[in-house]
Amino acid sequence: MSRLRSSSPYLVLGVAFLATVAYVLTVLPGRSVPVPTAAAPVPSPSPSLHGDGLSDSHDGYLIQAVTLPARRGKAVPVAFRIHGPDGTPQTEYELLQTKLLHLYLVRDDMSGYQHLHPELSGDTWTAKVDITDGGAYRFYAEFVPKGRDVAGHPTTLGLPFVIPGDTKVAPLPGPAPSAVAGRYVVNRLDGTAHLRVGRSGLLSFDVPGVRLEPYLGALAHMSAFEVRTQALTHLHPAAEELTFHVQFANRGEYRLFMDFQVAGKPQRAAFTVFVT
């Protein structure tokens, strides 16, 4: 009797197992059993349409240095080529704000900014820059390949270089409601209001008592650099206004350089804005 009691749990388990097998063989074949679907693939992030100048290649295009500055001085030569997706030098471009290519130069502390328009000779772009101090610099080549819509974002490629020697670091100015450009004062109409990350918005300015002339196909041209990474963001000007469409991808400080023209002479104002 005790032997039967000790083995009864195993008998119960065996009966349950046989019942389950019988159910699977006789009942389930007549039912529709849902088949688990494969998990949907996780979409990869969409690549940026324009790049940010932190890489020498983007979207099939590559910038190749021919001559980079290696010393301080005035009118230091620079030369480079842009290679297309087929590996050959790109020689045809769409006009972007009246120019085929815009070249920017800035040091890693956001000083020494220059906005240049190189000349294309054969397959090589050439320009001359002023290097007044040592430090780590970066060129940004901004262009629209032939056949692309100029209303979208341009392609932006970058080239770093270093000028050896002692360097005097320039402190970053804080956000301010106005900036001086030569003998003119440029006001930011919303003062020092913070911008919101990832949100489209407008930045508007005025130059009191001054008649602005068209410059590069608009009332002004502006480029914004993220201070932490030095990434370049292209800002689109609104027609007939000193206003720019903005949308910043990261939080932090940005340094904005605005070029405009008065009485035939280009002027430049710089602002620091904070994005939260």
# chains A, B, ... in the order shown; residues from 1 in each chain; ligands from 1
>>> residues_around(residues="Val106 (chain A)", least_positions_apart="5", cutoff="9 Å", atoms="only C-alpha atoms", output="MDAnalysis selection string")
chainID A and resid 111:114 136:140 230
>>> residues_around(residues="region 178-180 of chain A", least_positions_apart="2", cutoff="9 Å", atoms="only C-alpha atoms", output="count of residues only")
17
>>> residues_around(residues="Ala79 (chain A)", least_positions_apart="2", cutoff="9 Å", atoms="only C-alpha atoms", output="VMD selection string")
chain A and resid 64 to 68 77 81 118 124 to 128
>>> residues_around(residues="Leu235 (chain A)", least_positions_apart="2", cutoff="8 Å", atoms="only C-alpha atoms", output="number ranges by chain")
A: 221-224, 233, 237, 244-246
>>> write_last_selection(atoms="all heavy atoms", output="CSV table (one decimal), in the first residue's frame")
chain,number,residue,atom,x,y,z
A,221,HIS,N,23.3,86.5,-45.2
A,221,HIS,CA,23.7,85.1,-45.2
A,221,HIS,C,24.1,84.7,-43.8
A,221,HIS,O,24.9,85.4,-43.1
A,221,HIS,CB,24.8,84.8,-46.2
A,221,HIS,CG,25.3,83.4,-46.2
A,221,HIS,ND1,26.1,82.9,-45.3
A,221,HIS,CD2,25.1,82.5,-47.2
A,221,HIS,CE1,26.4,81.6,-45.6
A,221,HIS,NE2,25.8,81.3,-46.7
A,222,MET,N,23.7,83.5,-43.3
A,222,MET,CA,24.0,83.1,-41.9
A,222,MET,C,24.4,81.7,-41.9
A,222,MET,O,23.7,80.8,-42.5
A,222,MET,CB,22.9,83.5,-40.9
A,222,MET,CG,23.2,83.1,-39.5
A,222,MET,SD,21.9,83.5,-38.3
A,222,MET,CE,22.3,85.3,-38.2
A,223,SER,N,25.4,81.4,-41.1
A,223,SER,CA,25.8,80.0,-40.8
A,223,SER,C,25.9,79.8,-39.3
A,223,SER,O,26.4,80.8,-38.6
A,223,SER,CB,27.1,79.6,-41.5
A,223,SER,OG,26.9,79.6,-42.9
A,224,ALA,N,25.6,78.7,-38.8
A,224,ALA,CA,25.6,78.4,-37.3
A,224,ALA,C,26.5,77.2,-37.0
A,224,ALA,O,26.4,76.2,-37.7
A,224,ALA,CB,24.2,78.2,-36.8
A,233,THR,N,25.5,74.2,-39.3
A,233,THR,CA,24.1,74.1,-39.7
A,233,THR,C,23.8,75.3,-40.6
A,233,THR,O,24.1,76.4,-40.3
A,233,THR,CB,23.1,74.2,-38.4
A,233,THR,OG1,23.4,73.1,-37.6
A,233,THR,CG2,21.7,74.2,-38.9
A,237,PRO,N,17.6,81.9,-45.4
A,237,PRO,CA,17.0,83.3,-45.2
A,237,PRO,C,15.6,83.3,-45.8
A,237,PRO,O,15.3,82.7,-46.8
A,237,PRO,CB,18.0,84.2,-46.0
A,237,PRO,CG,18.5,83.3,-47.1
A,237,PRO,CD,18.6,81.9,-46.5
A,244,PHE,N,15.7,84.3,-40.5
A,244,PHE,CA,16.2,83.0,-40.9
A,244,PHE,C,15.4,81.8,-40.2
A,244,PHE,O,15.0,81.9,-39.1
A,244,PHE,CB,17.7,82.9,-40.4
A,244,PHE,CG,18.6,83.9,-41.1
A,244,PHE,CD1,18.7,85.1,-40.5
A,244,PHE,CD2,19.3,83.6,-42.2
A,244,PHE,CE1,19.5,86.1,-41.0
A,244,PHE,CE2,20.1,84.6,-42.8
A,244,PHE,CZ,20.2,85.8,-42.2
A,245,HIS,N,15.2,80.8,-41.0
A,245,HIS,CA,14.6,79.6,-40.5
A,245,HIS,C,15.6,78.8,-39.8
A,245,HIS,O,16.7,78.5,-40.4
A,245,HIS,CB,14.0,78.8,-41.7
A,245,HIS,CG,12.9,79.5,-42.5
A,245,HIS,ND1,11.6,79.6,-42.1
A,245,HIS,CD2,13.0,80.3,-43.6
A,245,HIS,CE1,10.9,80.3,-43.0
A,245,HIS,NE2,11.7,80.8,-43.9
A,246,VAL,N,15.3,78.3,-38.6
A,246,VAL,CA,16.3,77.6,-37.8
A,246,VAL,C,15.6,76.3,-37.3
A,246,VAL,O,14.4,76.2,-37.0
A,246,VAL,CB,16.8,78.4,-36.6
A,246,VAL,CG1,17.5,79.6,-37.1
A,246,VAL,CG2,15.7,78.8,-35.7
>>> atom_distance(atom1="CA of Gly134 (chain A)", atom2="CA of Leu62 (chain A)")
26.4 Å
>>> closest_residue(among="A:Pro214, A:Ala151, A:His58, A:Ile131", to="Ile163 (chain A)", atoms="only C-alpha atoms")
A:Ile131
>>> atom_distance(atom1="CA of Val262 (chain A)", atom2="CA of Leu202 (chain A)")
23.1 Å
>>> closest_residue(among="A:Leu116, A:Ala249, A:Ala239, A:Ala75", to="Gly217 (chain A)", atoms="only C-alpha atoms")
A:Ala239
>>> residues_around(residues="Leu219 (chain A)", least_positions_apart="3", cutoff="12 Å", atoms="only C-alpha atoms", output="mmCIF file with N, CA, C and O atoms, in the first residue's frame")
data_model
loop_
_atom_site.group_PDB
_atom_site.id
_atom_site.type_symbol
_atom_site.label_atom_id
_atom_site.label_comp_id
_atom_site.auth_asym_id
_atom_site.auth_seq_id
_atom_site.Cartn_x
_atom_site.Cartn_y
_atom_site.Cartn_z
ATOM 1 N N GLN A 97 22.893 80.429 -53.332
ATOM 2 C CA GLN A 97 22.986 81.833 -52.942
ATOM 3 C C GLN A 97 24.042 82.552 -53.784
ATOM 4 O O GLN A 97 24.986 83.151 -53.276
ATOM 5 N N SER A 204 14.924 86.563 -36.121
ATOM 6 C CA SER A 204 14.779 87.823 -36.863
ATOM 7 C C SER A 204 15.697 88.890 -36.287
ATOM 8 O O SER A 204 15.908 88.962 -35.069
ATOM 9 N N PHE A 205 16.213 89.732 -37.168
ATOM 10 C CA PHE A 205 17.155 90.778 -36.791
ATOM 11 C C PHE A 205 16.771 92.075 -37.484
ATOM 12 O O PHE A 205 16.011 92.085 -38.461
ATOM 13 N N ASP A 206 17.329 93.185 -36.992
ATOM 14 C CA ASP A 206 17.237 94.443 -37.726
ATOM 15 C C ASP A 206 18.500 95.256 -37.497
ATOM 16 O O ASP A 206 19.246 95.032 -36.534
ATOM 17 N N VAL A 207 18.758 96.165 -38.443
ATOM 18 C CA VAL A 207 19.895 97.075 -38.356
ATOM 19 C C VAL A 207 19.293 98.474 -38.400
ATOM 20 O O VAL A 207 18.987 98.988 -39.491
ATOM 21 N N ARG A 211 19.927 101.010 -44.594
ATOM 22 C CA ARG A 211 19.308 100.379 -45.757
ATOM 23 C C ARG A 211 20.204 99.229 -46.218
ATOM 24 O O ARG A 211 21.320 99.449 -46.705
ATOM 25 N N LEU A 212 19.711 98.011 -46.061
ATOM 26 C CA LEU A 212 20.488 96.850 -46.469
ATOM 27 C C LEU A 212 20.363 96.607 -47.960
ATOM 28 O O LEU A 212 19.298 96.805 -48.555
ATOM 29 N N GLU A 213 21.470 96.162 -48.538
ATOM 30 C CA GLU A 213 21.484 95.800 -49.955
ATOM 31 C C GLU A 213 21.470 94.285 -50.093
ATOM 32 O O GLU A 213 21.894 93.575 -49.181
ATOM 33 N N PRO A 214 20.974 93.766 -51.209
ATOM 34 C CA PRO A 214 21.001 92.304 -51.399
ATOM 35 C C PRO A 214 22.431 91.778 -51.320
ATOM 36 O O PRO A 214 23.359 92.383 -51.854
ATOM 37 N N TYR A 215 22.569 90.665 -50.612
ATOM 38 C CA TYR A 215 23.878 90.031 -50.474
ATOM 39 C C TYR A 215 23.716 88.537 -50.665
ATOM 40 O O TYR A 215 22.957 87.884 -49.943
ATOM 41 N N LEU A 216 24.396 87.995 -51.676
ATOM 42 C CA LEU A 216 24.308 86.567 -52.003
ATOM 43 C C LEU A 216 22.855 86.130 -52.220
ATOM 44 O O LEU A 216 22.427 85.069 -51.770
ATOM 45 N N MET A 222 23.663 83.537 -43.292
ATOM 46 C CA MET A 222 24.035 83.145 -41.936
ATOM 47 C C MET A 222 24.371 81.666 -41.861
ATOM 48 O O MET A 222 23.702 80.829 -42.456
ATOM 49 N N HIS A 236 18.462 79.017 -43.617
ATOM 50 C CA HIS A 236 17.845 79.546 -44.828
ATOM 51 C C HIS A 236 17.255 80.932 -44.566
ATOM 52 O O HIS A 236 16.453 81.095 -43.643
ATOM 53 N N PRO A 237 17.602 81.923 -45.391
ATOM 54 C CA PRO A 237 17.026 83.254 -45.205
ATOM 55 C C PRO A 237 15.614 83.337 -45.774
ATOM 56 O O PRO A 237 15.288 82.676 -46.760
ATOM 57 N N ALA A 238 14.780 84.124 -45.118
ATOM 58 C CA ALA A 238 13.442 84.398 -45.656
ATOM 59 C C ALA A 238 13.541 85.512 -46.688
ATOM 60 O O ALA A 238 14.413 86.385 -46.607
ATOM 61 N N ALA A 239 12.666 85.470 -47.676
ATOM 62 C CA ALA A 239 12.699 86.466 -48.748
ATOM 63 C C ALA A 239 12.322 87.844 -48.213
ATOM 64 O O ALA A 239 11.374 87.986 -47.437
ATOM 65 N N GLU A 240 13.086 88.843 -48.621
ATOM 66 C CA GLU A 240 12.800 90.248 -48.317
ATOM 67 C C GLU A 240 12.798 90.569 -46.828
ATOM 68 O O GLU A 240 12.302 91.610 -46.415
ATOM 69 N N GLU A 241 13.350 89.713 -45.987
ATOM 70 C CA GLU A 241 13.395 89.982 -44.549
ATOM 71 C C GLU A 241 14.744 89.562 -43.982
ATOM 72 O O GLU A 241 15.422 88.689 -44.536
ATOM 73 N N LEU A 242 15.097 90.187 -42.858
ATOM 74 C CA LEU A 242 16.315 89.804 -42.163
ATOM 75 C C LEU A 242 15.945 88.734 -41.132
ATOM 76 O O LEU A 242 16.095 88.891 -39.923
ATOM 77 N N THR A 243 15.420 87.616 -41.669
ATOM 78 C CA THR A 243 14.887 86.531 -40.857
ATOM 79 C C THR A 243 15.405 85.212 -41.403
ATOM 80 O O THR A 243 15.518 85.027 -42.617
ATOM 81 N N PHE A 244 15.673 84.261 -40.487
ATOM 82 C CA PHE A 244 16.228 82.970 -40.872
ATOM 83 C C PHE A 244 15.425 81.843 -40.242
ATOM 84 O O PHE A 244 15.045 81.912 -39.077
ATOM 85 N N MET A 258 26.507 86.222 -39.240
ATOM 86 C CA MET A 258 25.607 86.781 -40.252
ATOM 87 C C MET A 258 26.353 87.812 -41.098
ATOM 88 O O MET A 258 26.921 88.780 -40.578
ATOM 89 N N ASP A 259 26.363 87.602 -42.408
ATOM 90 C CA ASP A 259 26.968 88.529 -43.358
ATOM 91 C C ASP A 259 25.870 89.302 -44.076
ATOM 92 O O ASP A 259 24.880 88.715 -44.542
ATOM 93 N N PHE A 260 26.050 90.616 -44.171
ATOM 94 C CA PHE A 260 25.105 91.463 -44.906
ATOM 95 C C PHE A 260 25.892 92.581 -45.580
ATOM 96 O O PHE A 260 27.116 92.688 -45.399
ATOM 97 N N GLN A 261 25.226 93.414 -46.337
ATOM 98 C CA GLN A 261 25.941 94.423 -47.116
ATOM 99 C C GLN A 261 25.266 95.784 -46.993
ATOM 100 O O GLN A 261 24.045 95.899 -47.083
ATOM 101 N N VAL A 262 26.113 96.821 -46.797
ATOM 102 C CA VAL A 262 25.656 98.201 -46.715
ATOM 103 C C VAL A 262 26.579 99.058 -47.575
ATOM 104 O O VAL A 262 27.814 98.972 -47.435
ATOM 105 N N PRO A 266 30.559 94.471 -47.539
ATOM 106 C CA PRO A 266 30.064 93.399 -46.668
ATOM 107 C C PRO A 266 30.373 93.698 -45.201
ATOM 108 O O PRO A 266 31.416 94.263 -44.876
ATOM 109 N N GLN A 267 29.443 93.338 -44.330
ATOM 110 C CA GLN A 267 29.588 93.496 -42.892
ATOM 111 C C GLN A 267 29.285 92.149 -42.231
ATOM 112 O O GLN A 267 28.639 91.291 -42.825
#
>>> closest_residue(among="A:Thr88, A:Glu119, A:Pro208, A:Gly135", to="Gly165 (chain A)", atoms="only C-alpha atoms")
A:Gly135
>>> closest_atom_pairs(of="region 159-268 of chain A", to="region 70-73 of chain A", cutoff="8 Å", atoms="only C-alpha atoms", output="JSON lines")
{"residue": "A:Phe161", "atom": "CA", "partner": "A:Ala70", "partner_atom": "CA", "distance": 7.9}
{"residue": "A:Val162", "atom": "CA", "partner": "A:Ala70", "partner_atom": "CA", "distance": 7.2}
{"residue": "A:Ile163", "atom": "CA", "partner": "A:Ala70", "partner_atom": "CA", "distance": 5.7}
{"residue": "A:Pro164", "atom": "CA", "partner": "A:Arg71", "partner_atom": "CA", "distance": 7.5}
>>> closest_residue(among="A:Met110, A:Val150, A:Val227, A:Val275", to="Gly198 (chain A)", atoms="only C-alpha atoms")
A:Val275
>>> select_by_dssp(residues="region 176-209 of chain A", states="strand (DSSP E or B)", output="PyMOL selection string")
chain A and resi 178-181+184-188+195+201-206
>>> write_last_selection(atoms="all heavy atoms", output="short mmCIF file (atom, residue, chain, number, x, y, z; two decimals), in the first residue's frame")
data_model
loop_
_atom_site.label_atom_id
_atom_site.label_comp_id
_atom_site.auth_asym_id
_atom_site.auth_seq_id
_atom_site.Cartn_x
_atom_site.Cartn_y
_atom_site.Cartn_z
N SER A 178 22.21 92.14 -28.95
CA SER A 178 22.72 92.92 -30.07
C SER A 178 24.18 92.60 -30.29
O SER A 178 24.87 92.06 -29.41
CB SER A 178 22.53 94.42 -29.84
OG SER A 178 23.27 94.83 -28.70
N ALA A 179 24.67 92.94 -31.48
CA ALA A 179 26.07 92.73 -31.83
C ALA A 179 26.52 93.87 -32.72
O ALA A 179 25.73 94.48 -33.45
CB ALA A 179 26.25 91.39 -32.55
N VAL A 180 27.81 94.17 -32.66
CA VAL A 180 28.38 95.24 -33.47
C VAL A 180 29.00 94.65 -34.72
O VAL A 180 29.73 93.66 -34.67
CB VAL A 180 29.44 96.01 -32.66
CG1 VAL A 180 30.13 97.06 -33.54
CG2 VAL A 180 28.81 96.67 -31.44
N ALA A 181 28.70 95.27 -35.86
CA ALA A 181 29.27 94.88 -37.15
C ALA A 181 29.86 96.14 -37.79
O ALA A 181 29.12 96.95 -38.38
CB ALA A 181 28.22 94.27 -38.05
N TYR A 184 28.00 99.48 -37.40
CA TYR A 184 26.57 99.23 -37.31
C TYR A 184 26.23 98.33 -36.12
O TYR A 184 27.06 97.52 -35.70
CB TYR A 184 26.05 98.58 -38.60
CG TYR A 184 26.42 99.35 -39.85
CD1 TYR A 184 27.46 98.91 -40.68
CD2 TYR A 184 25.78 100.54 -40.18
CE1 TYR A 184 27.82 99.62 -41.81
CE2 TYR A 184 26.13 101.26 -41.32
CZ TYR A 184 27.15 100.79 -42.12
OH TYR A 184 27.51 101.50 -43.24
N VAL A 185 25.01 98.49 -35.62
CA VAL A 185 24.52 97.65 -34.54
C VAL A 185 23.40 96.77 -35.09
O VAL A 185 22.48 97.26 -35.74
CB VAL A 185 23.99 98.50 -33.37
CG1 VAL A 185 23.34 97.59 -32.31
CG2 VAL A 185 25.11 99.30 -32.75
N VAL A 186 23.51 95.48 -34.84
CA VAL A 186 22.50 94.52 -35.29
C VAL A 186 21.77 94.00 -34.06
O VAL A 186 22.41 93.55 -33.09
CB VAL A 186 23.15 93.34 -36.05
CG1 VAL A 186 22.08 92.37 -36.54
CG2 VAL A 186 23.97 93.86 -37.23
N ASN A 187 20.44 94.10 -34.07
CA ASN A 187 19.63 93.66 -32.95
C ASN A 187 18.95 92.33 -33.25
O ASN A 187 18.42 92.14 -34.35
CB ASN A 187 18.55 94.71 -32.64
CG ASN A 187 19.15 96.02 -32.19
OD1 ASN A 187 20.11 96.04 -31.42
ND2 ASN A 187 18.59 97.12 -32.68
N ARG A 188 18.95 91.46 -32.27
CA ARG A 188 18.16 90.24 -32.35
C ARG A 188 16.80 90.56 -31.74
O ARG A 188 16.70 90.93 -30.57
CB ARG A 188 18.85 89.11 -31.57
CG ARG A 188 18.08 87.80 -31.59
CD ARG A 188 18.79 86.74 -30.77
NE ARG A 188 17.87 85.65 -30.47
CZ ARG A 188 18.12 84.64 -29.63
NH1 ARG A 188 19.29 84.62 -28.99
NH2 ARG A 188 17.22 83.72 -29.40
N LEU A 195 16.24 78.97 -27.73
CA LEU A 195 15.55 78.21 -28.77
C LEU A 195 15.30 76.79 -28.26
O LEU A 195 15.96 76.33 -27.33
CB LEU A 195 16.37 78.20 -30.05
CG LEU A 195 16.76 79.58 -30.60
CD1 LEU A 195 17.63 79.43 -31.82
CD2 LEU A 195 15.52 80.40 -30.92
N GLY A 201 11.83 77.16 -36.14
CA GLY A 201 11.53 78.50 -35.65
C GLY A 201 12.13 79.55 -36.54
O GLY A 201 12.67 79.25 -37.63
N LEU A 202 12.03 80.79 -36.11
CA LEU A 202 12.56 81.91 -36.87
C LEU A 202 13.44 82.76 -35.97
O LEU A 202 13.15 82.97 -34.79
CB LEU A 202 11.42 82.79 -37.42
CG LEU A 202 10.49 82.15 -38.46
CD1 LEU A 202 9.35 83.12 -38.78
CD2 LEU A 202 11.25 81.81 -39.73
N LEU A 203 14.55 83.23 -36.53
CA LEU A 203 15.40 84.21 -35.87
C LEU A 203 15.37 85.47 -36.72
O LEU A 203 15.75 85.44 -37.90
CB LEU A 203 16.83 83.70 -35.75
CG LEU A 203 17.20 82.85 -34.53
CD1 LEU A 203 18.65 82.39 -34.65
CD2 LEU A 203 17.00 83.63 -33.24
N SER A 204 14.92 86.56 -36.12
CA SER A 204 14.78 87.82 -36.86
C SER A 204 15.70 88.89 -36.29
O SER A 204 15.91 88.96 -35.07
CB SER A 204 13.32 88.30 -36.81
OG SER A 204 12.47 87.37 -37.45
N PHE A 205 16.21 89.73 -37.17
CA PHE A 205 17.16 90.78 -36.79
C PHE A 205 16.77 92.07 -37.48
O PHE A 205 16.01 92.08 -38.46
CB PHE A 205 18.58 90.38 -37.20
CG PHE A 205 19.04 89.07 -36.64
CD1 PHE A 205 18.73 87.87 -37.28
CD2 PHE A 205 19.80 89.01 -35.48
CE1 PHE A 205 19.15 86.65 -36.77
CE2 PHE A 205 20.23 87.80 -34.97
CZ PHE A 205 19.91 86.63 -35.61
N ASP A 206 17.33 93.18 -36.99
CA ASP A 206 17.24 94.44 -37.73
C ASP A 206 18.50 95.26 -37.50
O ASP A 206 19.25 95.03 -36.53
CB ASP A 206 15.98 95.24 -37.35
CG ASP A 206 16.06 95.86 -35.96
OD1 ASP A 206 17.01 95.55 -35.22
OD2 ASP A 206 15.18 96.66 -35.62
#
>>> residues_around(residues="Asp86 (chain A)", least_positions_apart="2", cutoff="9 Å", atoms="only C-alpha atoms", output="list in words")
Gly60, Tyr61, His83, Gly84, Thr88 and Pro89 of chain A
>>> write_last_selection(atoms="C-alpha atoms", output="PDB file, in the first residue's frame")
ATOM      1  CA  GLY A  60      28.934  59.805 -51.898  1.00  0.00           C
ATOM      2  CA  TYR A  61      31.002  63.011 -52.051  1.00  0.00           C
ATOM      3  CA  HIS A  83      35.096  63.911 -55.735  1.00  0.00           C
ATOM      4  CA  GLY A  84      31.674  62.656 -56.771  1.00  0.00           C
ATOM      5  CA  THR A  88      36.039  61.532 -60.314  1.00  0.00           C
ATOM      6  CA  PRO A  89      36.385  65.219 -59.419  1.00  0.00           C
TER       7      PRO A  89
END
>>> closest_residue(among="A:Val78, A:Val197, A:Leu120, A:Leu54", to="Leu101 (chain A)", atoms="only C-alpha atoms")
A:Leu120
>>> closest_residue(among="A:Phe274, A:Phe225, A:Phe257, A:Phe143", to="Thr91 (chain A)", atoms="only C-alpha atoms")
A:Phe143
